[in-house]
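**Q** Please find entry_4.txt (compact mmCIF, C-alpha atoms) on the next line:
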```txt
# COMPACT_ATOMS: atom_id res chain seq x y z
CA MET A 1 8.32 7.07 0.72
CA THR A 2 11.33 5.56 2.47
CA TYR A 3 12.49 8.90 3.88
CA HIS A 4 9.68 8.84 6.46
CA GLN A 5 9.16 5.09 6.74
CA ASP A 6 9.87 5.20 10.48
CA ARG A 7 6.64 7.15 11.01
CA PHE A 8 4.30 4.59 9.45
CA GLU A 9 3.60 0.87 9.49
CA ASP A 10 3.60 0.13 5.79
CA ALA A 11 0.65 -1.86 4.42
CA SER A 12 1.01 -1.18 0.70
CA ILE A 13 -0.17 -3.67 -1.90
CA LEU A 14 1.05 -4.58 -5.38
CA VAL A 15 -1.49 -6.28 -7.63
CA PHE A 16 -0.19 -8.68 -10.28
CA GLU A 17 -1.67 -10.77 -13.04
CA GLU A 18 0.97 -13.50 -13.29
CA ASP A 19 4.17 -11.42 -13.75
CA LYS A 20 2.45 -8.22 -14.90
CA LEU A 21 2.00 -5.41 -12.39
CA LEU A 22 -1.56 -4.06 -12.72
CA ALA A 23 -1.98 -1.65 -9.82
CA ILE A 24 -0.37 -0.21 -6.70
CA PHE A 25 -2.19 0.65 -3.50
CA PRO A 26 0.09 2.75 -1.24
CA ALA A 27 -1.08 2.37 2.35
CA ASN A 28 -0.14 2.34 6.01
CA ARG A 29 -1.78 0.66 8.98
CA ALA A 30 -2.79 2.19 12.29
CA GLY A 31 -4.52 -0.34 14.53
CA ASP A 32 -7.52 -1.76 12.68
CA THR A 33 -7.53 1.06 10.11
CA ILE A 34 -5.77 1.30 6.74
CA PHE A 35 -4.91 4.75 5.38
CA SER A 36 -3.99 5.29 1.76
CA HIS A 37 -1.50 6.88 2.62
CA GLN A 38 -0.90 9.27 5.54
CA GLY A 39 2.56 10.07 4.22
CA LEU A 40 1.30 11.02 0.75
CA SER A 41 -0.81 13.87 -0.55
CA TYR A 42 -3.43 11.57 -2.05
CA GLY A 43 -4.38 7.89 -2.04
CA GLY A 44 -6.21 5.15 -3.89
CA LEU A 45 -5.28 2.64 -6.56
CA VAL A 46 -2.55 3.76 -8.96
CA ILE A 47 -3.46 2.38 -12.38
CA THR A 48 -2.63 2.79 -16.06
CA ASN A 49 -4.85 4.54 -18.58
CA GLN A 50 -5.60 1.19 -20.22
CA MET A 51 -7.47 -0.21 -17.22
CA LYS A 52 -11.23 -0.55 -17.66
CA LEU A 53 -13.68 0.14 -14.85
CA PRO A 54 -14.80 -3.51 -14.35
CA ASN A 55 -11.16 -4.56 -13.92
CA TYR A 56 -10.66 -1.71 -11.46
CA LEU A 57 -13.59 -2.95 -9.38
CA HIS A 58 -12.28 -6.53 -9.42
CA ILE A 59 -8.84 -5.36 -8.28
CA LEU A 60 -10.20 -3.10 -5.56
CA GLN A 61 -12.39 -5.96 -4.34
CA GLY A 62 -9.27 -8.10 -3.99
CA VAL A 63 -7.54 -5.34 -2.02
CA LEU A 64 -10.50 -4.99 0.34
CA ASP A 65 -10.80 -8.75 0.80
CA TYR A 66 -7.13 -8.97 1.73
CA TYR A 67 -7.33 -6.19 4.31
CA ARG A 68 -10.48 -7.71 5.76
CA SER A 69 -8.70 -11.06 6.09
CA ILE A 70 -5.97 -9.53 8.29
CA GLY A 71 -8.42 -7.88 10.68
CA ILE A 72 -8.84 -4.43 9.15
CA LYS A 73 -12.18 -2.79 9.92
CA HIS A 74 -11.84 0.63 8.28
CA LEU A 75 -10.25 2.07 5.15
CA VAL A 76 -9.55 5.80 4.74
CA VAL A 77 -8.67 7.24 1.33
CA LYS A 78 -7.97 10.82 0.28
CA GLN A 79 -9.10 10.85 -3.33
CA MET A 80 -6.72 12.20 -5.95
CA PRO A 81 -8.32 15.18 -7.74
CA THR A 82 -8.90 14.44 -11.40
CA PHE A 83 -6.93 17.49 -12.52
CA TYR A 84 -3.74 15.80 -11.29
CA CYS A 85 -4.29 12.86 -13.65
CA GLN A 86 -3.04 12.83 -17.22
CA TYR A 87 -6.40 11.29 -18.17
CA PHE A 88 -9.86 11.38 -16.63
CA SER A 89 -9.75 9.07 -13.63
CA ASP A 90 -12.72 9.02 -11.25
CA GLU A 91 -12.89 5.27 -10.73
CA TRP A 92 -12.42 5.69 -6.99
CA ALA A 93 -15.37 8.08 -6.71
CA TYR A 94 -17.65 5.49 -8.29
CA ALA A 95 -16.28 2.69 -6.12
CA ALA A 96 -16.74 4.82 -2.99
CA PHE A 97 -20.42 5.22 -3.90
CA LEU A 98 -20.84 1.45 -4.32
CA LEU A 99 -19.14 0.88 -0.96
CA ASN A 100 -21.41 3.31 0.91
CA ALA A 101 -18.31 5.29 1.85
CA LYS A 102 -18.69 8.00 4.45
CA LEU A 103 -17.42 11.45 3.43
CA THR A 104 -15.32 12.53 6.41
CA ARG A 105 -13.48 15.57 5.12
CA VAL A 106 -13.54 18.06 2.23
CA ASP A 107 -10.76 20.55 1.53
CA ALA A 108 -10.91 23.33 -1.04
CA SER A 109 -7.87 23.70 -3.30
CA ALA A 110 -7.44 26.89 -5.33
CA VAL A 111 -6.41 25.84 -8.85
CA LEU A 112 -5.41 28.12 -11.72
CA ASP A 113 -5.99 26.96 -15.31
CA LEU A 114 -2.81 28.04 -17.07
CA ASN A 115 -4.34 27.43 -20.50
CA ALA A 116 -6.90 30.16 -19.89
CA PRO A 117 -6.08 33.88 -20.12
CA LEU A 118 -4.69 35.19 -16.82
CA ASN A 119 -7.25 37.39 -15.07
CA TYR A 120 -5.81 38.98 -11.92
CA ALA A 121 -7.79 41.08 -9.48
CA LYS A 122 -6.76 44.71 -9.16
CA ASP A 123 -4.71 44.20 -5.99
CA ARG A 124 -2.74 41.34 -7.58
CA LYS A 125 -1.92 43.54 -10.56
CA GLU A 126 -0.78 46.29 -8.19
CA GLY A 127 1.39 43.79 -6.30
CA VAL A 128 3.12 42.72 -9.51
CA LYS A 129 3.76 46.37 -10.37
CA ARG A 130 5.30 46.96 -6.93
CA GLY A 131 7.60 44.04 -7.55
CA LEU A 132 8.72 45.56 -10.83
CA THR A 133 9.19 48.98 -9.25
CA ASN A 134 11.28 47.46 -6.44
CA GLN A 135 13.34 45.55 -9.01
CA LEU A 136 12.73 42.17 -7.43
CA LYS A 137 14.51 39.16 -8.89
CA VAL A 138 13.32 35.54 -8.92
CA ILE A 139 16.09 32.94 -8.91
CA GLU A 140 15.76 29.16 -8.91
CA VAL A 141 18.15 27.67 -6.37
CA GLU A 142 19.25 24.16 -5.48
CA ASP A 143 19.79 24.85 -1.75
CA PHE A 144 16.66 25.07 0.43
CA SER A 145 18.44 26.16 3.62
CA ASP A 146 18.21 29.95 3.20
CA PHE A 147 14.44 29.85 2.59
CA TRP A 148 13.78 27.19 5.25
CA GLN A 149 15.82 28.77 8.03
CA ASN A 150 15.25 32.48 7.40
CA ILE A 151 11.71 32.67 5.98
CA LEU A 152 9.61 29.51 6.18
CA ILE A 153 10.35 28.10 9.65
CA PRO A 154 10.24 31.49 11.48
CA ASN A 155 6.97 32.47 9.77
CA LEU A 156 5.21 29.19 10.50
CA GLN A 157 6.37 29.28 14.09
CA ASN A 158 5.44 32.92 14.73
CA ARG A 159 2.07 32.87 12.95
CA HIS A 160 0.78 29.33 13.46
CA GLN A 161 3.10 27.69 16.04
CA VAL A 162 3.80 24.81 13.63
CA LYS A 163 6.73 23.45 11.64
CA PRO A 164 6.94 22.59 7.94
CA VAL A 165 5.73 19.07 7.15
CA HIS A 166 9.19 18.38 5.71
CA SER A 167 12.34 19.15 7.66
CA LEU A 168 15.23 20.79 5.83
CA GLU A 169 17.00 17.42 5.74
CA GLU A 170 13.93 15.68 4.29
CA ILE A 171 13.25 18.22 1.55
CA THR A 172 16.94 18.17 0.61
CA HIS A 173 16.84 14.37 0.41
CA LEU A 174 13.72 14.48 -1.77
CA LYS A 175 15.31 17.08 -4.04
CA GLN A 176 18.26 14.74 -4.57
CA LYS A 177 15.87 11.92 -5.47
CA PHE A 178 13.65 14.04 -7.72
CA PRO A 179 15.76 16.96 -8.99
CA GLN A 180 13.39 17.83 -11.85
CA GLN A 181 10.15 17.57 -9.87
CA ILE A 182 11.02 19.49 -6.67
CA ARG A 183 12.14 23.06 -7.28
CA GLN A 184 12.87 26.09 -5.11
CA PHE A 185 12.30 29.65 -6.31
CA ASN A 186 13.54 32.54 -4.15
CA VAL A 187 12.78 36.25 -4.45
CA PHE A 188 15.52 38.81 -3.77
CA HIS A 189 15.39 42.55 -3.12
CA GLN A 190 18.76 44.24 -3.30
CA ASP A 191 20.41 40.81 -2.93
CA GLN A 192 18.41 40.02 0.23
CA LEU A 193 16.05 37.02 0.35
CA VAL A 194 12.50 38.30 0.90
CA ALA A 195 10.23 35.44 -0.26
CA GLY A 196 10.16 32.02 -1.85
CA THR A 197 8.15 28.99 -2.83
CA THR A 198 8.80 25.26 -3.05
CA ILE A 199 7.16 23.68 -6.07
CA PHE A 200 6.27 20.01 -6.54
CA GLU A 201 5.97 19.49 -10.28
CA SER A 202 4.05 16.62 -11.87
CA ALA A 203 3.05 15.84 -15.44
CA VAL A 204 0.28 18.43 -15.75
CA VAL A 205 0.40 20.35 -12.45
CA ALA A 206 2.78 22.68 -10.65
CA HIS A 207 1.86 22.59 -6.96
CA SER A 208 2.99 25.16 -4.41
CA GLN A 209 3.95 22.98 -1.45
CA TYR A 210 5.32 25.91 0.56
CA MET A 211 5.22 29.68 0.06
CA SER A 212 6.26 32.38 2.45
CA ALA A 213 7.66 35.91 2.59
CA ASN A 214 9.07 38.38 5.08
CA ASP A 215 7.05 41.15 6.71
CA GLU A 216 7.61 43.50 3.74
CA ARG A 217 5.69 41.29 1.32
CA SER A 218 2.83 43.78 0.90
CA ILE A 219 5.18 46.73 0.43
CA LEU A 220 7.44 44.89 -2.02
CA GLY A 221 4.76 42.83 -3.76
CA SER A 222 7.08 39.85 -3.45
CA LEU A 223 4.59 36.96 -3.55
CA ASP A 224 2.49 38.55 -6.30
CA PHE A 225 5.60 39.19 -8.37
CA LEU A 226 6.90 35.66 -7.75
CA HIS A 227 3.72 33.92 -8.89
CA ASP A 228 3.27 36.14 -11.93
CA TYR A 229 6.81 35.14 -12.94
CA LEU A 230 6.08 31.44 -12.39
CA PHE A 231 2.86 31.51 -14.42
CA LYS A 232 4.39 33.36 -17.38
CA GLU A 233 8.03 32.25 -17.46
CA VAL A 234 8.38 28.84 -15.79
CA PHE A 235 5.15 26.86 -15.83
CA GLN A 236 3.34 28.30 -18.82
CA HIS A 237 3.52 24.84 -20.44
CA LYS A 238 1.65 23.19 -17.53
CA ARG A 239 -2.10 22.77 -17.52
CA TYR A 240 -2.71 23.79 -13.90
CA PHE A 241 -1.11 25.59 -10.99
CA ASP A 242 -2.32 24.25 -7.64
CA PHE A 243 -2.05 26.76 -4.78
CA GLY A 244 -3.21 24.09 -2.32
CA ILE A 245 -5.86 24.33 0.37
CA SER A 246 -6.81 27.15 2.73
CA ASN A 247 -8.60 24.95 5.24
CA GLU A 248 -8.14 24.33 8.95
CA ASN A 249 -9.73 22.11 11.61
CA GLY A 250 -10.24 19.07 9.41
CA GLY A 251 -11.66 21.12 6.55
CA LEU A 252 -14.40 22.74 8.64
CA TYR A 253 -12.82 26.20 8.61
CA LEU A 254 -11.77 28.28 5.61
CA ASN A 255 -9.00 30.86 5.94
CA GLN A 256 -10.81 33.62 4.06
CA GLY A 257 -7.82 35.92 3.59
CA LEU A 258 -5.53 33.20 2.27
CA ASN A 259 -8.22 31.82 -0.03
CA TYR A 260 -8.95 35.31 -1.38
CA TRP A 261 -5.29 35.90 -2.22
CA LYS A 262 -5.14 32.63 -4.18
CA GLN A 263 -8.42 33.13 -6.01
CA SER A 264 -7.61 36.73 -6.86
CA PHE A 265 -5.11 35.37 -9.39
CA GLY A 266 -8.10 33.83 -11.17
CA ALA A 267 -7.94 30.41 -9.48
CA ASN A 268 -11.08 28.30 -9.10
CA ILE A 269 -11.97 25.78 -6.40
CA CYS A 270 -11.48 22.04 -6.66
CA ALA A 271 -12.77 19.90 -3.80
CA ASN A 272 -10.52 17.25 -2.22
CA PHE A 273 -12.56 14.38 -0.74
CA VAL A 274 -11.64 12.00 2.08
CA HIS A 275 -13.76 8.84 2.42
CA GLN A 276 -13.93 6.23 5.14
CA ILE A 277 -15.18 2.74 4.35
CA ASP A 278 -16.49 0.28 6.91
CA LEU A 279 -15.07 -3.13 5.94
CA THR A 280 -17.15 -5.03 8.50
CA PRO A 281 -20.06 -5.68 6.13
CA SER A 282 -18.86 -7.76 3.18
CA ILE A 283 -19.79 -5.69 0.12
CA ASN A 284 -18.94 -7.24 -3.24
CA LEU A 285 -18.12 -4.55 -5.78
CA THR A 286 -18.33 -6.99 -8.65
CA ASN A 287 -22.08 -7.41 -8.09
CA ALA A 288 -22.45 -4.01 -9.78
CA ILE A 289 -21.10 -5.45 -13.04
CA ILE A 290 -23.91 -6.79 -15.24
```
Before we go any further, please render this structure as structure tokens.
**A**
Amino acid sequence: MTYHQDRFEDASILVFEEDKLLAIFPANRAGDTIFSHQGLSYGGLVITNQMKLPNYLHILQGVLDYYRSIGIKHLVVKQMPTFYCQYFSDEWAYAAFLLNAKLTRVDASAVLDLNAPLNYAKDRKEGVKRGLTNQLKVIEVEDFSDFWQNILIPNLQNRHQVKPVHSLEEITHLKQKFPQQIRQFNVFHQDQLVAGTTIFESAVVAHSQYMSANDERSILGSLDFLHDYLFKEVFQHKRYFDFGISNENGGLYLNQGLNYWKQSFGANICANFVHQIDLTPSINLTNAII
């Protein structure tokens, strides 16, 4: 997280038992509130598969007690969806219930199960066929600059008046740090860049962090062709492909067109939950252990 450390006041915690590291709680502080973590996609305790639920509750209680002791009044956590975990891991959801956590936001991610037979809607099939007819080519590249400068940044600016979360310099830095986990796939028509996607790859999930195409995407079928290629040729060994959310305004609005395009590949919805906990009342999680 050091590439954007200047944006956040770090308040992360490492939990040890003597010399053994048991858990990590990535976090940043803003006033009297702790966020886990505003610079990361998801938050909560990072644990091993060997940790049992009572130990988890004891550790989380220690984390909460520490934050309370330094004047923190609120804790905000964006829960990691279980499908990102290599093993079932809903400890946080149970702890949030015990803590009377307030649900403050829900986003809807479109997630494709790559172990199930692919079941495209008719228009997605037609898009893939247009890509074949137009002889599109998908090439993995190491340099993000062509996609960032000629496709992604202009599209975000023209359509939404925003910039990518990562600057070109930041994504290049992250690629150098994680060359196997951050990958760029570009689509070419007659040697001209027409579309692309930036993939963040984890143990069981390939996540589309950015995707964008030029104004001919419907005519060429560039994004349909690209994703069909990724599902069948690149990430067929992964369990899931995460298209990401289609929400706006804190999760209250759903971009219907964008969500339809994602789900028309056969993707289903997984909810992403954000909880806020009031640390003012002293709730002891360990009281739930009998």
**Q** What is the CA of Val46 (chain A)-CA of Ile24 (chain A) distance in Å, reported with one decimal?
**A**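 Calculated distance between CA of Val46 (chain A) and CA of Ile24 (chain A) is 5.1 Å.
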**Q** Tell me which of A:Gln61, A:Asn134, A:Gln149, A:Gln157 sits closest to Glu169 (chain A), counting all atoms listed in the file.
**A**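 Among the listed residues, the smallest separation from Glu169 (chain A) belongs to A:Gln149.
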**Q** Compile the contact shell of Phe231 (chain A) as an MDAnalysis selection string: residues with an atom at most 12 Å away, counting all atoms listed in the file, same-chain residues fewer than 3 positions apart removed.
**A** chainID A and resid 112:120 205:208 224:228 234:243 265:267
**Q** Could you jot down the CA of Asp10 (chain A) to CA of Arg29 (chain A) separation for me, Å, one decimal place?
**A** 6.3 Å
**Q** Nearest to Ile70 (chain A) among A:Ile34, A:Leu193, A:Ala23, A:Val15, with distances taken over only C-alpha atoms: which residue is it?
**A**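 Among the listed residues, A:Ile34 lies closest to Ile70 (chain A).
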**Q** Looking at only C-alpha atoms, which of A:Gln135, A:Ser222, A:Gln181, A:Asn272 is the one that sits closest to Ala93 (chain A)?
**A**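 Closest residue, counting only C-alpha atoms: A:Asn272.
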**Q** Figure out the distance between CA of Gly44 (chain A) and CA of Glu9 (chain A), please, to one decimal in Å.
**A**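 Between these atoms lies a distance of 17.1 Å.
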**Q** Tyr42 (chain A): which residues within 6 Å, counting only C-alpha atoms, same-chain residues fewer than 4 positions away excluded, as a PDB file with C-alpha atoms, in the frame of the given file?
**A**
```pdb
ATOM      1  CA  LYS A  78      -7.970  10.820   0.280  1.00  0.00           C
ATOM      2  CA  GLN A  79      -9.100  10.850  -3.330  1.00  0.00           C
ATOM      3  CA  MET A  80      -6.720  12.200  -5.950  1.00  0.00           C
TER       4      MET A  80
END
```
**Q** Using all atoms listed in the file, which of the listed residues (A:Ser69, A:Ser212, A:Gln180, A:Ser89) sits closest to Tyr56 (chain A)?
**A** A:Ser89
**Q** I need the residue nearest Gly71 (chain A) from this list: A:Ile277, A:Arg130, A:Gln192, A:Gly31. Use all atoms listed in the file for the distance.
**A**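 With all atoms listed in the file as the atom set, the closest residue is A:Gly31.
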**Q** Find the residues near Phe16 (chain A): any atom within 12 Å, counting only C-alpha atoms, skip ones fewer than 6 places away on the same chain, and give them as a list in words.
**A**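 The residues satisfying every condition are Leu22, Ala23, Ile24, Phe25, Ile47, Ile59, Gly62 and Val63 of chain A.
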**Q** Of the candidates A:Leu40, A:Leu45, A:Ala30, A:Asn158, which one gets nearest to Met1 (chain A) if we count all atoms listed in the file?
**A**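 Closest candidate: A:Leu40.
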**Q** Which residues are near Lys163 (chain A)? Cut-off 10 Å, all atoms listed in the file, ignore same chain within fewer than 4 positions. Put them as a PDB file with C-alpha atoms, in the coordinates of the input.
**A**
```pdb
ATOM      1  CA  LEU A 152       9.610  29.510   6.180  1.00  0.00           C
ATOM      2  CA  ILE A 153      10.350  28.100   9.650  1.00  0.00           C
ATOM      3  CA  PRO A 154      10.240  31.490  11.480  1.00  0.00           C
ATOM      4  CA  ASN A 155       6.970  32.470   9.770  1.00  0.00           C
ATOM      5  CA  LEU A 156       5.210  29.190  10.500  1.00  0.00           C
ATOM      6  CA  GLN A 157       6.370  29.280  14.090  1.00  0.00           C
ATOM      7  CA  SER A 167      12.340  19.150   7.660  1.00  0.00           C
TER       8      SER A 167
END
```
**Q** Which residues, written as number ranges by chain, have at least one atom at most 12 Å from Glu248 (chain A), with only C-alpha atoms counted and residues fewer than 3 positions away on the same chain left out?
**A** A: 105-108, 160, 245, 251-256, 258-259
